[in-house]
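Read through the structure below, which is laid out as C-alpha cells, and then see the notes.
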Amino acid sequence: MKVAVTSTGRTMDAQVDPRFGRAACFVVVDTDNMEFEAVENTNVDAGGAGISAAKVVIDTGARAVLTGNCGPNAERTLRAGNITLYTGVTGAVAEAVERFKAGKLTEATGPNVQSHSGMNS
Amino acid sequence: MILAVASGKGGTGKTTVATNLAKVCAAAGRPTQYIDCDVEEPNGHIFLKPQIDGREEVTVEVPQVDAAKCIGCGRCGQICQYSAIVCIGEKVLTFEQLCHSCGGCWLVCPAEAIEREPLRIGEIETGQAGPLGFVSGRLEIGHVRTPSLIRSVRRHIQSDGLAIVDVPPGTSCPVVAAIRGVDFVLLVTEPTPFGLNDLKLAVELVREMGLPFAVAINRDGIGNDQTQAYCKAEGIEIVASIPDDRRIAQAYSTGQMIVDALPEYTERFRDLATRLGAL
Ligand code: SF4
Ligand code: SF4
C-alpha cells in the first residue's frame, strides 16, 4: 500500500512538512518494500492549494496521507478520494512511515486547522 | 462626481471624514449619496442613522453538478483556476466559497451536467438620511467575494450627483474595486509612523491606478511632522487636517456626527468639500 507524506525534501530523511496544501513536496512510500518517489506539489501559491494538493496525492494512488495540519477543503477532497488522513505527524519521513506501519498513528476524524492556515508559515 | 475616501489601514477616521463630508454637501443642497463600500465592516449607518427603504440580495453564480448527467471526464476541474471544482474519479466536488464565477466549468462540460446556482454573498441597503442618499453593502460572514459585492454597491451611484464612497481599509483587491474609475481619492491618515507607512502604500496604489488624490490628516498633533514632510517631498497636497480633539472622540464613541455634536467643524468640512470640487 502506498502512503503519501508531506515533506520538506525529496528523501526519506527529510522532515515531515507540517503543511498539507503548501507542502514542499510529497514523498510517496510503498509500505510493502519501502520504495519511494518524490512528487512535486504544484499550485502551491495559488488559491485552493489544499484542494489541488489533495488531487495530486489522489493521482499518485496513495491510500493514506501523513501530515502535520490539514484544512477542511483538503480534507473533504481527500475523503472523496477515499484516502485516510493522519494529522499531527512529525519527525523524519521514514520514521513517520514506520510509525504508520506499526499502527501507532491515529486516524484524523476531520480537518485540524482552518482554511488558509498554511499561508504564512 | 465620485469622491472616494480611503485609508491605508483601519481606524484612521475614514468613515468620520466620509460621513461628515457627505452630510455637509447634502445640507448645502448638492444631490449627494453616501456609498458604504467597506462591506466587511460597514459602519456609516451608525453615524448617519438613515431610514432604510430598500434591501437587495446580491448573488453570484456557482456551479451545481448533476451527478446523474456527469460522465466524470474531469474537464471542469482542469479549467478551474481556483480549485473550486475538482473531479475525483467519478465524483465532482465543488467549493463554492472559492468560485470566482468565471463560467469556465459550465462552458467546458461536455455533458451539460453543470447548472448555475445563485449563491448569496451579501446584501445592499438603500435609504435616506435627511437629504442625503444612503447605500451600504454588507458581506455575508465567511464569504470572500468582496470585490463582486462592492461592484454591485457602486451600481447604485447616480451619475448626475455627488457620490462619496467609503472605501474598505488597506490596499488589496476590495480597495481597487472601490476606487477604480473614481474622480478623486481622499486618503485619510494619522500622523504617526505606522500611519505614514500605510499612507505610503495607499499613495503607491492610487498612483499606480492613475487616480488624482490628496491627503487629509486626522488627529493632527498626536504624532510627529513626518507625514507633512513626506507629502511635501512627494508633492502631495494636504487638503485638511482635523485636530486631535477629545470631543471628536467622544462624539464618535456615542455614534454622533462631528458636524452635529460640534457645529464649529461644519465650516471645515464645507471648506474641504469646496477644495475637492464637491461643492
Ligand atoms: S465558475 Fe469558474 S471559478 Fe467557479 S468553479 Fe467554475 S471554473 Fe471554477
Ligand atoms: S466537465 Fe461535466 S461531465 Fe466532466 S467531470 Fe465535470 S461535471 Fe462531469
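In the C-alpha cells, the first chain shown is A, the next is B, and so on; residue numbers restart at 1 for each chain, and ligands run from 1 in the order shown.
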(message) Give me the residues near Asp13 of chain A as a VMD selection string, where near means some atom within 9 Å (using only C-alpha atoms) and where sequence neighbours in that chain fewer than 6 positions away do not count.
(response) chain A and resid 92 to 95
(message) Please identify all residues of chain A having at least one atom at most 7 Å from any atom of chain B, considering only C-alpha atoms, and return them as an MDAnalysis selection string.
(response) chainID A and resid 47:48 51:52 80:81
(request) Please write out the residues within 8 Å of ligand 2 as a VMD selection string, counting only C-alpha atoms and all ligand atoms. (result) chain B and resid 65 to 67 69 to 77 86 to 87 90 to 92 105 to 106 108 to 114
(request) Find the residues around segment 144-153 of chain B up to 12 Å (only C-alpha atoms counted), leave out those fewer than 5 positions away in its own chain, and share them as a ChimeraX atom specification. (result) /A:47 /B:33-42,55-62,96-102,119-126,134-139,158,163,165-168,172-181
(request) Find the residues near Phe20 of chain A: any atom within 7 Å, counting only C-alpha atoms, skip ones fewer than 6 places away on the same chain, and give them as an MDAnalysis selection string. (result) chainID A and resid 6 50 67 69:70
(message) I'd like the neighbourhood of segment 8-10 of chain A as a ChimeraX atom specification, where a residue qualifies if any of its atoms comes within 10 Å (using only C-alpha atoms), though same-chain residues fewer than 3 positions away should be ignored.
(response) /A:5,13-19,23-28,36-40,92-93
Would you mind exporting the chosen residues as a CSV table (one decimal), in the first residue's frame, restricted to N, CA, C and O atoms?
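Below you can see result17.csv, which holds the result:
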chain,number,residue,atom,x,y,z
A,5,VAL,N,3.5,11.2,2.2
A,5,VAL,CA,3.9,12.0,3.4
A,5,VAL,C,4.3,13.4,2.9
A,5,VAL,O,5.1,13.6,2.0
A,13,ASP,N,14.8,10.9,4.6
A,13,ASP,CA,15.4,11.5,5.8
A,13,ASP,C,14.9,12.9,6.0
A,13,ASP,O,15.1,13.5,7.1
A,14,ALA,N,14.2,13.5,5.0
A,14,ALA,CA,13.7,14.8,5.2
A,14,ALA,C,12.6,14.9,6.3
A,14,ALA,O,12.0,13.8,6.6
A,15,GLN,N,12.4,16.0,6.8
A,15,GLN,CA,11.4,16.2,7.9
A,15,GLN,C,10.0,16.3,7.3
A,15,GLN,O,9.8,16.8,6.2
A,16,VAL,N,9.0,15.8,8.0
A,16,VAL,CA,7.6,15.9,7.6
A,16,VAL,C,7.3,17.4,7.5
A,16,VAL,O,7.6,18.2,8.4
A,17,ASP,N,6.7,17.9,6.4
A,17,ASP,CA,6.3,19.3,6.3
A,17,ASP,C,4.9,19.4,7.0
A,17,ASP,O,4.0,18.6,6.8
A,18,PRO,N,4.8,20.3,8.0
A,18,PRO,CA,3.6,20.4,8.8
A,18,PRO,C,2.4,20.9,8.0
A,18,PRO,O,1.3,20.7,8.3
A,19,ARG,N,2.7,21.5,6.8
A,19,ARG,CA,1.6,22.0,6.0
A,19,ARG,C,1.2,20.9,5.0
A,19,ARG,O,2.0,20.3,4.4
A,23,ALA,N,2.7,22.1,1.2
A,23,ALA,CA,3.9,21.3,1.5
A,23,ALA,C,4.9,21.4,0.4
A,23,ALA,O,4.5,21.6,-0.8
A,24,ALA,N,6.2,21.4,0.7
A,24,ALA,CA,7.2,21.5,-0.3
A,24,ALA,C,7.1,20.4,-1.4
A,24,ALA,O,7.1,20.6,-2.6
A,25,CYS,N,6.9,19.1,-0.9
A,25,CYS,CA,6.6,18.0,-1.8
A,25,CYS,C,6.0,16.9,-1.1
A,25,CYS,O,5.8,16.9,0.1
A,26,PHE,N,5.7,15.8,-1.8
A,26,PHE,CA,5.1,14.6,-1.2
A,26,PHE,C,6.1,13.5,-1.4
A,26,PHE,O,6.5,13.3,-2.6
A,27,VAL,N,6.4,12.7,-0.4
A,27,VAL,CA,7.2,11.5,-0.6
A,27,VAL,C,6.2,10.4,-0.5
A,27,VAL,O,5.5,10.2,0.5
A,28,VAL,N,6.1,9.7,-1.6
A,28,VAL,CA,5.1,8.6,-1.7
A,28,VAL,C,5.8,7.3,-1.4
A,28,VAL,O,6.7,6.9,-2.2
A,36,PHE,N,10.3,4.5,-2.6
A,36,PHE,CA,9.6,5.7,-2.6
A,36,PHE,C,9.8,6.6,-3.8
A,36,PHE,O,10.8,6.3,-4.5
A,37,GLU,N,9.0,7.5,-4.0
A,37,GLU,CA,9.2,8.5,-5.1
A,37,GLU,C,8.8,9.9,-4.5
A,37,GLU,O,7.9,10.0,-3.7
A,38,ALA,N,9.5,10.9,-5.0
A,38,ALA,CA,9.1,12.3,-4.5
A,38,ALA,C,8.2,12.9,-5.6
A,38,ALA,O,8.5,12.8,-6.8
A,39,VAL,N,7.1,13.5,-5.2
A,39,VAL,CA,6.2,14.1,-6.1
A,39,VAL,C,6.1,15.6,-5.8
A,39,VAL,O,5.9,16.0,-4.7
A,40,GLU,N,6.2,16.4,-6.8
A,40,GLU,CA,6.1,17.9,-6.7
A,40,GLU,C,4.7,18.3,-6.3
A,40,GLU,O,3.7,17.7,-6.8
A,92,ALA,N,11.1,12.6,10.9
A,92,ALA,CA,11.6,12.3,9.5
A,92,ALA,C,10.5,11.5,8.8
A,92,ALA,O,9.7,10.8,9.4
A,93,VAL,N,10.5,11.5,7.5
A,93,VAL,CA,9.5,10.8,6.7
A,93,VAL,C,9.6,9.3,7.0
A,93,VAL,O,8.6,8.7,7.2
Strand (DSSP E or B) call set, DSSP backbone run, segment 14-160 of chain B, as a PDB file with N, CA, C and O atoms, in the first residue's frame:
ATOM      1  N   THR B  32     -26.512  64.404  -3.063  1.00  0.00           N
ATOM      2  CA  THR B  32     -25.355  63.632  -2.609  1.00  0.00           C
ATOM      3  C   THR B  32     -25.780  62.254  -2.106  1.00  0.00           C
ATOM      4  O   THR B  32     -26.830  62.107  -1.490  1.00  0.00           O
ATOM      5  N   GLN B  33     -24.917  61.282  -2.386  1.00  0.00           N
ATOM      6  CA  GLN B  33     -25.126  59.942  -1.845  1.00  0.00           C
ATOM      7  C   GLN B  33     -23.889  59.543  -1.039  1.00  0.00           C
ATOM      8  O   GLN B  33     -22.757  59.803  -1.460  1.00  0.00           O
ATOM      9  N   TYR B  34     -24.132  58.875   0.064  1.00  0.00           N
ATOM     10  CA  TYR B  34     -23.037  58.255   0.813  1.00  0.00           C
ATOM     11  C   TYR B  34     -23.076  56.772   0.455  1.00  0.00           C
ATOM     12  O   TYR B  34     -24.111  56.121   0.578  1.00  0.00           O
ATOM     13  N   ILE B  35     -21.934  56.253  -0.041  1.00  0.00           N
ATOM     14  CA  ILE B  35     -21.882  54.881  -0.535  1.00  0.00           C
ATOM     15  C   ILE B  35     -20.914  54.081   0.335  1.00  0.00           C
ATOM     16  O   ILE B  35     -19.695  54.264   0.247  1.00  0.00           O
ATOM     17  N   ASP B  36     -21.420  53.203   1.180  1.00  0.00           N
ATOM     18  CA  ASP B  36     -20.528  52.445   2.065  1.00  0.00           C
ATOM     19  C   ASP B  36     -20.048  51.170   1.378  1.00  0.00           C
ATOM     20  O   ASP B  36     -20.774  50.182   1.274  1.00  0.00           O
ATOM     21  N   GLN B  51     -32.859  56.196   7.211  1.00  0.00           N
ATOM     22  CA  GLN B  51     -34.133  55.472   7.110  1.00  0.00           C
ATOM     23  C   GLN B  51     -33.944  54.492   5.946  1.00  0.00           C
ATOM     24  O   GLN B  51     -33.758  54.941   4.812  1.00  0.00           O
ATOM     25  N   ILE B  52     -33.976  53.201   6.226  1.00  0.00           N
ATOM     26  CA  ILE B  52     -33.741  52.220   5.155  1.00  0.00           C
ATOM     27  C   ILE B  52     -35.061  51.898   4.469  1.00  0.00           C
ATOM     28  O   ILE B  52     -36.034  51.527   5.121  1.00  0.00           O
ATOM     29  N   ASP B  53     -35.104  52.068   3.150  1.00  0.00           N
ATOM     30  CA  ASP B  53     -36.361  51.728   2.463  1.00  0.00           C
ATOM     31  C   ASP B  53     -36.184  50.684   1.373  1.00  0.00           C
ATOM     32  O   ASP B  53     -37.135  50.324   0.687  1.00  0.00           O
ATOM     33  N   GLY B  54     -34.970  50.187   1.201  1.00  0.00           N
ATOM     34  CA  GLY B  54     -34.783  49.143   0.196  1.00  0.00           C
ATOM     35  C   GLY B  54     -33.704  48.164   0.626  1.00  0.00           C
ATOM     36  O   GLY B  54     -32.696  48.541   1.221  1.00  0.00           O
ATOM     37  N   ARG B  55     -33.951  46.889   0.360  1.00  0.00           N
ATOM     38  CA  ARG B  55     -32.956  45.853   0.644  1.00  0.00           C
ATOM     39  C   ARG B  55     -32.850  44.963  -0.571  1.00  0.00           C
ATOM     40  O   ARG B  55     -33.856  44.562  -1.126  1.00  0.00           O
ATOM     41  N   GLU B  56     -31.621  44.678  -0.985  1.00  0.00           N
ATOM     42  CA  GLU B  56     -31.453  43.864  -2.189  1.00  0.00           C
ATOM     43  C   GLU B  56     -30.420  42.787  -1.886  1.00  0.00           C
ATOM     44  O   GLU B  56     -29.388  43.053  -1.282  1.00  0.00           O
ATOM     45  N   GLU B  57     -30.739  41.587  -2.313  1.00  0.00           N
ATOM     46  CA  GLU B  57     -29.828  40.484  -2.101  1.00  0.00           C
ATOM     47  C   GLU B  57     -28.821  40.457  -3.251  1.00  0.00           C
ATOM     48  O   GLU B  57     -29.210  40.656  -4.392  1.00  0.00           O
ATOM     49  N   VAL B  58     -27.561  40.223  -2.960  1.00  0.00           N
ATOM     50  CA  VAL B  58     -26.567  40.134  -4.029  1.00  0.00           C
ATOM     51  C   VAL B  58     -26.108  38.679  -4.133  1.00  0.00           C
ATOM     52  O   VAL B  58     -25.695  38.080  -3.144  1.00  0.00           O
ATOM     53  N   THR B  59     -26.223  38.147  -5.329  1.00  0.00           N
ATOM     54  CA  THR B  59     -25.805  36.758  -5.523  1.00  0.00           C
ATOM     55  C   THR B  59     -24.786  36.670  -6.655  1.00  0.00           C
ATOM     56  O   THR B  59     -24.690  37.565  -7.488  1.00  0.00           O
ATOM     57  N   VAL B  60     -24.043  35.596  -6.652  1.00  0.00           N
ATOM     58  CA  VAL B  60     -23.146  35.288  -7.770  1.00  0.00           C
ATOM     59  C   VAL B  60     -23.511  33.878  -8.224  1.00  0.00           C
ATOM     60  O   VAL B  60     -24.206  33.155  -7.510  1.00  0.00           O
ATOM     61  N   GLU B  61     -23.060  33.491  -9.408  1.00  0.00           N
ATOM     62  CA  GLU B  61     -23.385  32.155  -9.899  1.00  0.00           C
ATOM     63  C   GLU B  61     -22.256  31.180  -9.590  1.00  0.00           C
ATOM     64  O   GLU B  61     -21.089  31.484  -9.833  1.00  0.00           O
ATOM     65  N   VAL B  62     -22.639  30.041  -9.052  1.00  0.00           N
ATOM     66  CA  VAL B  62     -21.658  28.989  -8.779  1.00  0.00           C
ATOM     67  C   VAL B  62     -22.173  27.684  -9.394  1.00  0.00           C
ATOM     68  O   VAL B  62     -23.371  27.540  -9.623  1.00  0.00           O
ATOM     69  N   PRO B  63     -21.256  26.748  -9.664  1.00  0.00           N
ATOM     70  CA  PRO B  63     -21.709  25.512 -10.320  1.00  0.00           C
ATOM     71  C   PRO B  63     -22.401  24.544  -9.365  1.00  0.00           C
ATOM     72  O   PRO B  63     -22.065  24.473  -8.189  1.00  0.00           O
ATOM     73  N   GLN B  64     -23.360  23.836  -9.926  1.00  0.00           N
ATOM     74  CA  GLN B  64     -24.060  22.776  -9.194  1.00  0.00           C
ATOM     75  C   GLN B  64     -24.047  21.587 -10.147  1.00  0.00           C
ATOM     76  O   GLN B  64     -24.559  21.683 -11.262  1.00  0.00           O
ATOM     77  N   VAL B  65     -23.427  20.496  -9.725  1.00  0.00           N
ATOM     78  CA  VAL B  65     -23.240  19.374 -10.639  1.00  0.00           C
ATOM     79  C   VAL B  65     -24.352  18.343 -10.467  1.00  0.00           C
ATOM     80  O   VAL B  65     -24.679  17.936  -9.357  1.00  0.00           O
ATOM     81  N   ILE B  85     -13.705  23.587  -8.235  1.00  0.00           N
ATOM     82  CA  ILE B  85     -14.405  22.386  -8.678  1.00  0.00           C
ATOM     83  C   ILE B  85     -13.323  21.366  -8.988  1.00  0.00           C
ATOM     84  O   ILE B  85     -12.296  21.692  -9.574  1.00  0.00           O
ATOM     85  N   VAL B  86     -13.530  20.142  -8.515  1.00  0.00           N
ATOM     86  CA  VAL B  86     -12.488  19.144  -8.711  1.00  0.00           C
ATOM     87  C   VAL B  86     -13.159  17.796  -8.930  1.00  0.00           C
ATOM     88  O   VAL B  86     -14.170  17.473  -8.307  1.00  0.00           O
ATOM     89  N   CYS B  87     -12.607  17.053  -9.864  1.00  0.00           N
ATOM     90  CA  CYS B  87     -13.185  15.765 -10.222  1.00  0.00           C
ATOM     91  C   CYS B  87     -12.295  14.662  -9.653  1.00  0.00           C
ATOM     92  O   CYS B  87     -11.122  14.578  -9.967  1.00  0.00           O
ATOM     93  N   ILE B  88     -12.872  13.854  -8.776  1.00  0.00           N
ATOM     94  CA  ILE B  88     -12.123  12.761  -8.140  1.00  0.00           C
ATOM     95  C   ILE B  88     -12.796  11.472  -8.588  1.00  0.00           C
ATOM     96  O   ILE B  88     -13.882  11.139  -8.128  1.00  0.00           O
ATOM     97  N   LYS B  91     -16.585  11.234  -8.953  1.00  0.00           N
ATOM     98  CA  LYS B  91     -17.242  12.275  -8.159  1.00  0.00           C
ATOM     99  C   LYS B  91     -16.736  13.658  -8.528  1.00  0.00           C
ATOM    100  O   LYS B  91     -15.552  13.836  -8.798  1.00  0.00           O
ATOM    101  N   VAL B  92     -17.619  14.642  -8.505  1.00  0.00           N
ATOM    102  CA  VAL B  92     -17.193  16.030  -8.690  1.00  0.00           C
ATOM    103  C   VAL B  92     -17.529  16.791  -7.409  1.00  0.00           C
ATOM    104  O   VAL B  92     -18.658  16.750  -6.936  1.00  0.00           O
ATOM    105  N   LEU B  93     -16.509  17.442  -6.851  1.00  0.00           N
ATOM    106  CA  LEU B  93     -16.729  18.233  -5.642  1.00  0.00           C
ATOM    107  C   LEU B  93     -16.697  19.703  -6.021  1.00  0.00           C
ATOM    108  O   LEU B  93     -15.886  20.115  -6.847  1.00  0.00           O
ATOM    109  N   THR B  94     -17.550  20.505  -5.409  1.00  0.00           N
ATOM    110  CA  THR B  94     -17.469  21.949  -5.635  1.00  0.00           C
ATOM    111  C   THR B  94     -17.205  22.642  -4.307  1.00  0.00           C
ATOM    112  O   THR B  94     -17.647  22.189  -3.254  1.00  0.00           O
ATOM    113  N   ILE B 114     -23.570  20.653 -15.537  1.00  0.00           N
ATOM    114  CA  ILE B 114     -23.368  21.738 -14.571  1.00  0.00           C
ATOM    115  C   ILE B 114     -24.421  22.833 -14.723  1.00  0.00           C
ATOM    116  O   ILE B 114     -24.534  23.461 -15.770  1.00  0.00           O
ATOM    117  N   GLU B 115     -25.184  23.002 -13.687  1.00  0.00           N
ATOM    118  CA  GLU B 115     -26.172  24.091 -13.624  1.00  0.00           C
ATOM    119  C   GLU B 115     -25.541  25.265 -12.889  1.00  0.00           C
ATOM    120  O   GLU B 115     -24.668  25.079 -12.054  1.00  0.00           O
ATOM    121  N   ARG B 116     -26.031  26.484 -13.179  1.00  0.00           N
ATOM    122  CA  ARG B 116     -25.574  27.641 -12.409  1.00  0.00           C
ATOM    123  C   ARG B 116     -26.561  27.903 -11.284  1.00  0.00           C
ATOM    124  O   ARG B 116     -27.744  28.033 -11.529  1.00  0.00           O
ATOM    125  N   GLU B 117     -26.013  27.965 -10.097  1.00  0.00           N
ATOM    126  CA  GLU B 117     -26.842  28.187  -8.910  1.00  0.00           C
ATOM    127  C   GLU B 117     -26.510  29.557  -8.345  1.00  0.00           C
ATOM    128  O   GLU B 117     -25.334  29.910  -8.251  1.00  0.00           O
ATOM    129  N   PRO B 118     -27.504  30.329  -7.924  1.00  0.00           N
ATOM    130  CA  PRO B 118     -27.145  31.586  -7.264  1.00  0.00           C
ATOM    131  C   PRO B 118     -26.631  31.330  -5.851  1.00  0.00           C
ATOM    132  O   PRO B 118     -27.175  30.491  -5.132  1.00  0.00           O
ATOM    133  N   LEU B 119     -25.565  32.017  -5.498  1.00  0.00           N
ATOM    134  CA  LEU B 119     -25.024  31.935  -4.136  1.00  0.00           C
ATOM    135  C   LEU B 119     -25.079  33.344  -3.554  1.00  0.00           C
ATOM    136  O   LEU B 119     -24.548  34.293  -4.132  1.00  0.00           O
ATOM    137  N   ARG B 120     -25.719  33.479  -2.421  1.00  0.00           N
ATOM    138  CA  ARG B 120     -25.855  34.775  -1.781  1.00  0.00           C
ATOM    139  C   ARG B 120     -24.527  35.196  -1.155  1.00  0.00           C
ATOM    140  O   ARG B 120     -23.956  34.457  -0.360  1.00  0.00           O
ATOM    141  N   ILE B 121     -24.008  36.360  -1.540  1.00  0.00           N
ATOM    142  CA  ILE B 121     -22.741  36.812  -0.944  1.00  0.00           C
ATOM    143  C   ILE B 121     -22.934  38.004  -0.020  1.00  0.00           C
ATOM    144  O   ILE B 121     -22.036  38.381   0.729  1.00  0.00           O
ATOM    145  N   GLY B 122     -24.112  38.615  -0.080  1.00  0.00           N
ATOM    146  CA  GLY B 122     -24.338  39.746   0.810  1.00  0.00           C
ATOM    147  C   GLY B 122     -25.591  40.490   0.433  1.00  0.00           C
ATOM    148  O   GLY B 122     -26.380  40.021  -0.391  1.00  0.00           O
ATOM    149  N   GLU B 123     -25.780  41.646   1.062  1.00  0.00           N
ATOM    150  CA  GLU B 123     -26.953  42.439   0.716  1.00  0.00           C
ATOM    151  C   GLU B 123     -26.616  43.930   0.684  1.00  0.00           C
ATOM    152  O   GLU B 123     -25.597  44.360   1.209  1.00  0.00           O
ATOM    153  N   ILE B 124     -27.486  44.675   0.011  1.00  0.00           N
ATOM    154  CA  ILE B 124     -27.306  46.116  -0.106  1.00  0.00           C
ATOM    155  C   ILE B 124     -28.534  46.794   0.476  1.00  0.00           C
ATOM    156  O   ILE B 124     -29.664  46.416   0.152  1.00  0.00           O
ATOM    157  N   GLU B 125     -28.302  47.768   1.351  1.00  0.00           N
ATOM    158  CA  GLU B 125     -29.395  48.561   1.908  1.00  0.00           C
ATOM    159  C   GLU B 125     -29.362  49.936   1.283  1.00  0.00           C
ATOM    160  O   GLU B 125     -28.287  50.529   1.111  1.00  0.00           O
ATOM    161  N   THR B 126     -30.525  50.453   0.946  1.00  0.00           N
ATOM    162  CA  THR B 126     -30.592  51.812   0.427  1.00  0.00           C
ATOM    163  C   THR B 126     -31.602  52.601   1.248  1.00  0.00           C
ATOM    164  O   THR B 126     -32.546  52.025   1.805  1.00  0.00           O
ATOM    165  N   GLY B 127     -31.375  53.896   1.340  1.00  0.00           N
ATOM    166  CA  GLY B 127     -32.300  54.728   2.111  1.00  0.00           C
ATOM    167  C   GLY B 127     -31.898  56.186   2.055  1.00  0.00           C
ATOM    168  O   GLY B 127     -31.147  56.608   1.162  1.00  0.00           O
ATOM    169  N   GLN B 128     -32.359  56.927   3.033  1.00  0.00           N
ATOM    170  CA  GLN B 128     -32.124  58.369   3.091  1.00  0.00           C
ATOM    171  C   GLN B 128     -31.735  58.761   4.505  1.00  0.00           C
ATOM    172  O   GLN B 128     -32.303  58.249   5.464  1.00  0.00           O
ATOM    173  N   ALA B 129     -30.797  59.677   4.617  1.00  0.00           N
ATOM    174  CA  ALA B 129     -30.501  60.297   5.911  1.00  0.00           C
ATOM    175  C   ALA B 129     -30.764  61.784   5.678  1.00  0.00           C
ATOM    176  O   ALA B 129     -29.876  62.510   5.260  1.00  0.00           O
ATOM    177  N   LEU B 132     -29.623  63.363   2.360  1.00  0.00           N
ATOM    178  CA  LEU B 132     -28.513  62.539   1.868  1.00  0.00           C
ATOM    179  C   LEU B 132     -28.978  61.132   1.488  1.00  0.00           C
ATOM    180  O   LEU B 132     -29.606  60.452   2.286  1.00  0.00           O
ATOM    181  N   GLY B 133     -28.634  60.721   0.281  1.00  0.00           N
ATOM    182  CA  GLY B 133     -28.914  59.345  -0.136  1.00  0.00           C
ATOM    183  C   GLY B 133     -27.935  58.397   0.540  1.00  0.00           C
ATOM    184  O   GLY B 133     -26.771  58.743   0.772  1.00  0.00           O
ATOM    185  N   PHE B 134     -28.396  57.194   0.863  1.00  0.00           N
ATOM    186  CA  PHE B 134     -27.563  56.253   1.612  1.00  0.00           C
ATOM    187  C   PHE B 134     -27.581  54.887   0.929  1.00  0.00           C
ATOM    188  O   PHE B 134     -28.647  54.362   0.622  1.00  0.00           O
ATOM    189  N   VAL B 135     -26.395  54.332   0.679  1.00  0.00           N
ATOM    190  CA  VAL B 135     -26.276  52.989   0.104  1.00  0.00           C
ATOM    191  C   VAL B 135     -25.186  52.255   0.879  1.00  0.00           C
ATOM    192  O   VAL B 135     -24.108  52.819   1.102  1.00  0.00           O
ATOM    193  N   SER B 136     -25.475  51.037   1.309  1.00  0.00           N
ATOM    194  CA  SER B 136     -24.472  50.321   2.086  1.00  0.00           C
ATOM    195  C   SER B 136     -24.520  48.837   1.788  1.00  0.00           C
ATOM    196  O   SER B 136     -25.585  48.230   1.766  1.00  0.00           O
ATOM    197  N   GLY B 137     -23.360  48.256   1.534  1.00  0.00           N
ATOM    198  CA  GLY B 137     -23.283  46.817   1.286  1.00  0.00           C
ATOM    199  C   GLY B 137     -22.819  46.116   2.539  1.00  0.00           C
ATOM    200  O   GLY B 137     -22.083  46.681   3.346  1.00  0.00           O
ATOM    201  N   ARG B 138     -23.279  44.866   2.698  1.00  0.00           N
ATOM    202  CA  ARG B 138     -22.803  44.071   3.829  1.00  0.00           C
ATOM    203  C   ARG B 138     -22.518  42.663   3.328  1.00  0.00           C
ATOM    204  O   ARG B 138     -23.395  41.979   2.812  1.00  0.00           O
ATOM    205  N   LEU B 139     -21.273  42.252   3.487  1.00  0.00           N
ATOM    206  CA  LEU B 139     -20.859  40.930   3.027  1.00  0.00           C
ATOM    207  C   LEU B 139     -21.335  39.872   4.007  1.00  0.00           C
ATOM    208  O   LEU B 139     -21.249  40.063   5.219  1.00  0.00           O
TER     209      LEU B 139
END
(request) Run DSSP on the backbone of this structure and report the residues of segment 28-106 of chain A it assigns to helix (DSSP H, G or I), as a PyMOL selection string. (result) chain A and resi 49-60+72-80+93-101
(message) Which residues are near Gln228 of chain B? Cut-off 12 Å, only C-alpha atoms, ignore same chain within fewer than 2 positions. Put them as a ChimeraX atom specification.
(response) /B:189-193,195-196,199,215-217,220-221,223-226,230-241
(message) Just want the 8 Å neighbourhood of Val65 of chain A, counted on only C-alpha atoms, with same-chain residues fewer than 4 positions away dropped. Output as JSON, numbers by chain.
(response) {"A": [3, 4, 5, 6, 83, 84, 85, 86]}
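Of the listed residues (A:Gly88, A:Ser7, A:Ala54, A:Gly103), A:Ala54 comes nearest to Glu75 of chain A; the distances count only C-alpha atoms.
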